[in-house]
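Dumped start.cif below, it's mmCIF, C-alpha atoms:
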data_upload
#
loop_
_atom_site.label_atom_id
_atom_site.label_comp_id
_atom_site.auth_asym_id
_atom_site.auth_seq_id
_atom_site.Cartn_x
_atom_site.Cartn_y
_atom_site.Cartn_z
CA MET A 1 118.58 73.76 94.84
CA GLY A 2 121.76 72.80 93.02
CA GLU A 3 124.10 75.03 91.09
CA ARG A 4 122.38 74.25 87.78
CA GLY A 5 118.96 75.11 89.24
CA LYS A 6 119.81 78.64 90.32
CA GLN A 7 118.20 81.45 88.37
CA HIS A 8 119.55 84.90 87.54
CA LEU A 9 118.55 87.79 89.81
CA THR A 10 117.44 91.23 88.71
CA ASP A 11 119.48 94.20 89.96
CA ASN A 12 116.98 94.98 92.71
CA GLN A 13 116.71 91.36 93.76
CA GLN A 14 120.52 91.23 93.91
CA ARG A 15 120.62 94.27 96.21
CA VAL A 16 118.05 92.73 98.56
CA TYR A 17 119.95 89.43 98.56
CA ASP A 18 123.27 91.18 99.25
CA TYR A 19 121.72 93.05 102.18
CA ILE A 20 120.30 89.83 103.67
CA ALA A 21 123.66 88.08 103.27
CA GLN A 22 125.60 90.97 104.78
CA HIS A 23 123.20 91.44 107.70
CA THR A 24 123.43 87.72 108.44
CA ARG A 25 127.24 87.79 108.38
CA LEU A 26 127.54 90.89 110.57
CA HIS A 27 124.80 90.18 113.12
CA GLY A 28 124.60 86.39 113.12
CA ARG A 29 120.91 86.49 112.16
CA PRO A 30 118.88 87.51 109.09
CA PRO A 31 116.97 90.81 108.93
CA THR A 32 113.24 91.02 109.48
CA VAL A 33 110.79 92.01 106.76
CA ARG A 34 110.48 95.47 108.33
CA GLU A 35 114.26 95.90 108.47
CA ILE A 36 114.53 95.06 104.78
CA GLY A 37 111.71 97.50 104.01
CA ALA A 38 113.41 100.27 106.00
CA ARG A 39 116.75 99.68 104.25
CA PHE A 40 115.24 100.03 100.77
CA HIS A 41 112.49 102.55 101.65
CA LEU A 42 109.70 100.07 100.90
CA SER A 43 106.66 101.18 102.89
CA SER A 44 104.68 98.03 102.13
CA THR A 45 105.65 94.71 103.72
CA GLY A 46 103.96 93.12 100.72
CA SER A 47 106.64 94.59 98.46
CA VAL A 48 109.37 93.05 100.63
CA ARG A 49 107.63 89.67 100.60
CA THR A 50 107.46 89.82 96.80
CA TYR A 51 111.27 90.11 96.72
CA LEU A 52 111.66 87.28 99.23
CA GLU A 53 109.31 85.04 97.25
CA ALA A 54 111.36 85.68 94.11
CA LEU A 55 114.65 84.93 95.90
CA GLU A 56 113.20 81.73 97.33
CA ARG A 57 111.71 80.68 94.00
CA LYS A 58 115.06 81.24 92.27
CA GLY A 59 116.90 79.20 94.87
CA TRP A 60 118.94 81.83 96.75
CA ILE A 61 117.16 81.75 100.10
CA SER A 62 114.82 79.46 102.02
CA ARG A 63 112.17 80.42 104.56
CA GLU A 64 110.57 78.42 107.33
CA GLY A 65 107.20 79.22 108.88
CA SER A 66 106.04 82.72 109.80
CA ILE A 67 108.61 83.70 112.43
CA ALA A 68 110.22 87.15 112.15
CA ARG A 69 113.71 86.03 111.15
CA ASN A 70 112.95 83.00 109.00
CA ILE A 71 115.37 83.62 106.10
CA THR A 72 118.30 81.30 105.40
CA ILE A 73 120.95 81.91 102.74
CA VAL A 74 121.29 78.75 100.64
CA ALA A 75 123.57 79.85 97.79
CA PRO A 76 126.62 82.04 97.09
CA GLN A 77 126.04 85.43 95.54
CA PRO A 78 125.45 85.11 91.78
CA GLY A 79 128.26 86.23 89.55
CA ARG A 80 130.81 86.23 92.36
CA GLY A 81 132.13 82.74 91.61
CA GLN A 82 132.80 81.92 95.25
CA ALA A 83 130.98 81.12 98.47
CA PRO A 84 130.29 83.90 100.97
CA ARG A 85 133.01 84.55 103.50
CA SER A 86 132.68 83.00 106.91
CA PRO A 87 131.60 85.40 109.71
CA ALA A 88 135.07 85.24 111.22
CA ARG A 89 136.68 86.58 108.05
CA ALA A 90 134.00 89.05 107.01
CA ARG A 91 135.29 92.60 106.96
CA PRO A 92 133.15 95.25 108.65
CA THR A 93 131.15 97.11 106.04
CA LEU A 94 128.77 100.03 105.80
CA GLN A 95 125.83 100.27 103.44
CA ILE A 96 125.65 103.84 102.16
CA PRO A 97 122.70 104.94 100.00
CA ILE A 98 123.34 107.10 96.94
CA LEU A 99 120.55 109.68 97.16
CA GLY A 100 121.02 111.56 93.92
CA ARG A 101 123.37 114.20 92.62
CA VAL A 102 124.83 117.47 93.85
CA ALA A 103 126.37 120.33 91.91
CA ALA A 104 129.99 121.36 92.18
CA GLY A 105 129.30 124.39 90.09
CA PRO A 106 125.94 126.12 89.62
CA PRO A 107 123.58 124.57 92.20
CA ILE A 108 121.08 121.95 90.94
CA LEU A 109 118.36 120.03 92.69
CA ALA A 110 119.57 116.97 94.62
CA VAL A 111 116.98 114.27 94.13
CA GLU A 112 116.68 112.33 97.39
CA ASP A 113 115.74 108.90 96.10
CA VAL A 114 117.92 105.88 96.69
CA GLN A 115 119.58 105.11 93.37
CA GLU A 116 122.05 102.50 94.62
CA ILE A 117 123.47 101.03 97.81
CA LEU A 118 127.26 101.13 98.23
CA ASP A 119 128.95 98.48 100.40
CA MET A 120 132.01 100.26 101.83
CA ASP A 121 134.76 99.08 104.17
CA GLU A 122 134.40 100.78 107.57
CA ARG A 123 138.18 101.12 107.67
CA ILE A 124 138.00 103.46 104.66
CA VAL A 125 134.79 105.41 105.29
CA PRO A 126 134.24 107.09 108.68
CA SER A 127 131.21 105.39 110.25
CA ARG A 128 130.19 107.97 112.86
CA GLY A 129 126.77 109.45 112.15
CA GLN A 130 124.24 108.91 109.39
CA LEU A 131 125.96 108.74 106.01
CA PHE A 132 124.73 109.07 102.46
CA ALA A 133 126.42 109.57 99.09
CA LEU A 134 125.83 112.01 96.25
CA ARG A 135 127.23 112.08 92.72
CA VAL A 136 129.03 115.33 91.89
CA GLN A 137 128.31 117.24 88.70
CA GLY A 138 130.53 120.14 87.74
CA ASP A 139 134.14 121.19 88.25
CA SER A 140 134.05 123.92 90.91
CA MET A 141 135.76 121.65 93.51
CA VAL A 142 138.56 120.28 91.34
CA ASN A 143 141.33 121.93 93.38
CA ALA A 144 140.02 120.03 96.41
CA GLY A 145 140.38 116.76 94.49
CA ILE A 146 136.64 116.42 93.79
CA ARG A 147 135.92 115.99 90.10
CA ASP A 148 132.85 115.74 87.93
CA GLY A 149 131.37 112.25 88.35
CA ASP A 150 132.93 111.56 91.77
CA TYR A 151 130.84 110.36 94.70
CA VAL A 152 131.06 112.31 97.95
CA PHE A 153 130.23 110.71 101.30
CA VAL A 154 128.21 113.06 103.47
CA ARG A 155 127.47 112.89 107.20
CA ARG A 156 124.07 114.39 107.95
CA GLN A 157 124.39 117.41 110.25
CA GLU A 158 122.88 120.88 110.39
CA ALA A 159 126.01 122.70 111.62
CA ALA A 160 129.54 122.95 110.28
CA ASP A 161 132.88 124.54 111.13
CA LYS A 162 134.63 127.19 109.09
CA GLY A 163 136.57 125.57 106.25
CA ASP A 164 134.49 122.37 106.14
CA ILE A 165 133.37 121.06 102.76
CA ILE A 166 129.60 120.88 103.05
CA VAL A 167 126.50 119.99 101.09
CA ALA A 168 124.03 122.84 101.41
CA VAL A 169 120.58 123.55 100.01
CA LEU A 170 120.09 127.12 98.83
CA ASP A 171 116.62 128.16 97.66
CA GLY A 172 115.68 124.54 96.98
CA GLU A 173 118.86 123.60 95.16
CA ALA A 174 121.87 121.68 96.45
CA THR A 175 125.57 122.37 96.09
CA VAL A 176 128.92 121.29 97.55
CA LYS A 177 131.34 124.05 98.60
CA PHE A 178 133.70 125.19 101.35
CA TYR A 179 131.79 126.75 104.26
CA HIS A 180 132.89 130.16 105.55
CA PRO A 181 130.46 131.89 107.96
CA ALA A 182 131.15 135.47 109.08
CA ASN A 183 129.12 138.40 110.41
CA GLY A 184 125.81 136.58 110.12
CA LYS A 185 126.37 135.60 106.50
CA VAL A 186 127.90 132.60 104.73
CA ARG A 187 130.35 132.44 101.87
CA LEU A 188 130.14 129.26 99.82
CA VAL A 189 133.63 129.04 98.35
CA PRO A 190 134.53 126.91 95.31
CA ALA A 191 137.89 125.22 94.83
CA ASN A 192 138.40 126.52 91.32
CA ASP A 193 140.38 129.69 90.63
CA SER A 194 138.09 130.68 87.75
CA LEU A 195 134.95 130.81 89.93
CA GLN A 196 133.77 133.30 92.55
CA PRO A 197 132.27 132.54 96.00
CA THR A 198 128.53 132.78 96.58
CA LEU A 199 127.54 135.13 99.42
CA VAL A 200 124.44 133.97 101.30
CA ASP A 201 122.35 135.83 103.87
CA PRO A 202 120.46 133.05 105.72
CA ARG A 203 117.95 135.63 106.97
CA ARG A 204 116.85 136.42 103.42
CA SER A 205 117.48 133.12 101.68
CA ASP A 206 116.23 129.59 102.20
CA PHE A 207 119.59 128.16 103.25
CA THR A 208 120.26 124.87 105.06
CA VAL A 209 123.40 122.89 105.78
CA VAL A 210 122.56 119.29 104.91
CA GLY A 211 125.81 117.65 105.94
CA LYS A 212 129.59 117.59 105.98
CA VAL A 213 131.59 115.86 103.26
CA THR A 214 133.74 113.20 104.95
CA GLY A 215 135.20 111.40 101.94
CA MET A 216 134.86 110.61 98.26
CA MET A 217 135.04 107.76 95.79
CA ARG A 218 135.98 107.76 92.12
CA ARG A 219 134.93 105.01 89.72
CA PHE A 220 137.09 104.24 86.72
#
Using structure tokens, write down the structure that the file contains.
Amino acid sequence: MGERGKQHLTDNQQRVYDYIAQHTRLHGRPPTVREIGARFHLSSTGSVRTYLEALERKGWISREGSIARNITIVAPQPGRGQAPRSPARARPTLQIPILGRVAAGPPILAVEDVQEILDMDERIVPSRGQLFALRVQGDSMVNAGIRDGDYVFVRRQEAADKGDIIVAVLDGEATVKFYHPANGKVRLVPANDSLQPTLVDPRRSDFTVVGKVTGMMRRF
């Protein structure tokens, strides 16, 4: 389909298209229907096929037959104004899901649903382990350079070292703080001189370390 025949994509269609294009650049082959479903937490293959049918109908991909990897990119990404980079020039990227929000202040529930997918340069974000992102609310970590509205990148892990900045769930609510274990208890320490640490006894509280903060991003 020519440039004039292309149709606008919805936000979700754009995310699926971007993932297909990136997977094809990085791996030299398109993703399967199940891989697309796993990336966007779509349990039904029918839901994935609905997206693919829309992308094909609007002229952004083509499909041949019923083989597993039958998707071909046939157009540049809409709104970018340029053709996709060649595989040789493509920079290595990570797709990091934003799962919700986390408090840097009084703990609030972190809703674990994928709100957005961030494409990040691997040279900027450490790629070891399973990563996700959370949006910070509150100002208790301002002295550590983490402000209200920032995004923190978190590596999933159940253990941490003293002094790490962690995301923890305490009695069903999530928070980001410095981690200081001692004598069987844990102090969750803010980076704000006007706030006091929270003392946690894991034997009496529902306390879990979700992951270690490995970086952050601020949008202007």
So which residues are close to (139.8, 114.2, 101.7), meaning at most 10 Å away in the file's coordinates with all atoms listed in the file counted, and can you show them as a PDB file with C-alpha atoms, in the frame of the given file?
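Below you can see out-v6.pdb, which holds the result:
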ATOM      1  CA  ALA A 144     140.020 120.030  96.410  1.00  0.00           C
ATOM      2  CA  GLY A 145     140.380 116.760  94.490  1.00  0.00           C
ATOM      3  CA  ILE A 146     136.640 116.420  93.790  1.00  0.00           C
ATOM      4  CA  VAL A 152     131.060 112.310  97.950  1.00  0.00           C
ATOM      5  CA  ILE A 165     133.370 121.060 102.760  1.00  0.00           C
ATOM      6  CA  VAL A 213     131.590 115.860 103.260  1.00  0.00           C
ATOM      7  CA  THR A 214     133.740 113.200 104.950  1.00  0.00           C
ATOM      8  CA  GLY A 215     135.200 111.400 101.940  1.00  0.00           C
ATOM      9  CA  MET A 216     134.860 110.610  98.260  1.00  0.00           C
ATOM     10  CA  MET A 217     135.040 107.760  95.790  1.00  0.00           C
TER      11      MET A 217
END
Quiz item: Looking at only C-alpha atoms, which of A:Ile117, A:Val200, A:Val74, A:Val142 is the one that sits closest to Tyr19 in chain A?
Solution: A:Ile117
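Proximity to Met141 in chain A was assessed for A:Ala174, A:Val16, A:Ala103, A:Met120 counting all atoms listed in the file; the smallest distance is recorded for A:Ala103.
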Quiz item: Using only C-alpha atoms, what residues lie at most 12 Å away from (123.8, 103.2, 101.4) (file coordinates), given as JSON, numbers by chain?
Solution: {"A": [15, 19, 38, 39, 40, 41, 93, 94, 95, 96, 97, 98, 99, 100, 113, 114, 115, 116, 117, 118, 119, 120, 125, 127, 130, 131, 132, 133, 134, 153, 154, 155]}
Write out the residues from the selection above, keeping C-alpha atoms, as a short mmCIF file (atom, residue, chain, number, x, y, z; two decimals), in the frame of the given file.
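The file below, result_24.cif, is the result:
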data_model
loop_
_atom_site.label_atom_id
_atom_site.label_comp_id
_atom_site.auth_asym_id
_atom_site.auth_seq_id
_atom_site.Cartn_x
_atom_site.Cartn_y
_atom_site.Cartn_z
CA ARG A 15 120.62 94.27 96.21
CA TYR A 19 121.72 93.05 102.18
CA ALA A 38 113.41 100.27 106.00
CA ARG A 39 116.75 99.68 104.25
CA PHE A 40 115.24 100.03 100.77
CA HIS A 41 112.49 102.55 101.65
CA THR A 93 131.15 97.11 106.04
CA LEU A 94 128.77 100.03 105.80
CA GLN A 95 125.83 100.27 103.44
CA ILE A 96 125.65 103.84 102.16
CA PRO A 97 122.70 104.94 100.00
CA ILE A 98 123.34 107.10 96.94
CA LEU A 99 120.55 109.68 97.16
CA GLY A 100 121.02 111.56 93.92
CA ASP A 113 115.74 108.90 96.10
CA VAL A 114 117.92 105.88 96.69
CA GLN A 115 119.58 105.11 93.37
CA GLU A 116 122.05 102.50 94.62
CA ILE A 117 123.47 101.03 97.81
CA LEU A 118 127.26 101.13 98.23
CA ASP A 119 128.95 98.48 100.40
CA MET A 120 132.01 100.26 101.83
CA VAL A 125 134.79 105.41 105.29
CA SER A 127 131.21 105.39 110.25
CA GLN A 130 124.24 108.91 109.39
CA LEU A 131 125.96 108.74 106.01
CA PHE A 132 124.73 109.07 102.46
CA ALA A 133 126.42 109.57 99.09
CA LEU A 134 125.83 112.01 96.25
CA PHE A 153 130.23 110.71 101.30
CA VAL A 154 128.21 113.06 103.47
CA ARG A 155 127.47 112.89 107.20
#
Self-check item: Selection dump of the PyMOL selection byres ((chain A and resi 156-163) around 10), as a list in words
Solution: Gly129, Gln130, Leu131, Phe132, Phe153, Val154, Arg155, Asp164, Ile165, Ile166, Val167, Ala168, Lys177, Phe178, Tyr179, His180, Pro181, Ala182, Val186, Arg187, Leu188, Val189, Thr208, Val209, Val210, Gly211, Lys212 and Val213 of chain A
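In this model, the gap between CA of Ala104 in chain A and CA of Asp201 in chain A comes to 20.1 Å.
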Quiz item: Which of these, A:Val33, A:Leu55, A:Thr198, A:Ile71, has the shortest distance to Gln14 in chain A once you count all atoms listed in the file?
Solution: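 That would be A:Leu55, the residue with the smallest distance to Gln14 in chain A.
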Practice problem: Can you pull out every residue within 9 Å of Arg219 in chain A, counting only C-alpha atoms, but drop anything in the same chain fewer than 2 positions away, and send it as a PyMOL selection string? | Solution: chain A and resi 149-151+217
Quiz item: Which distance in Å separates CA of Pro202 in chain A and CA of Gln137 in chain A, to one decimal?
Solution: 24.5 Å
Quiz prompt | Counting only C-alpha atoms, the option among A:Leu26, A:Ile73, A:Leu199, A:Leu42 closest to Ile61 in chain A | solution =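 For Ile61 in chain A, the nearest of the given residues is A:Ile73.
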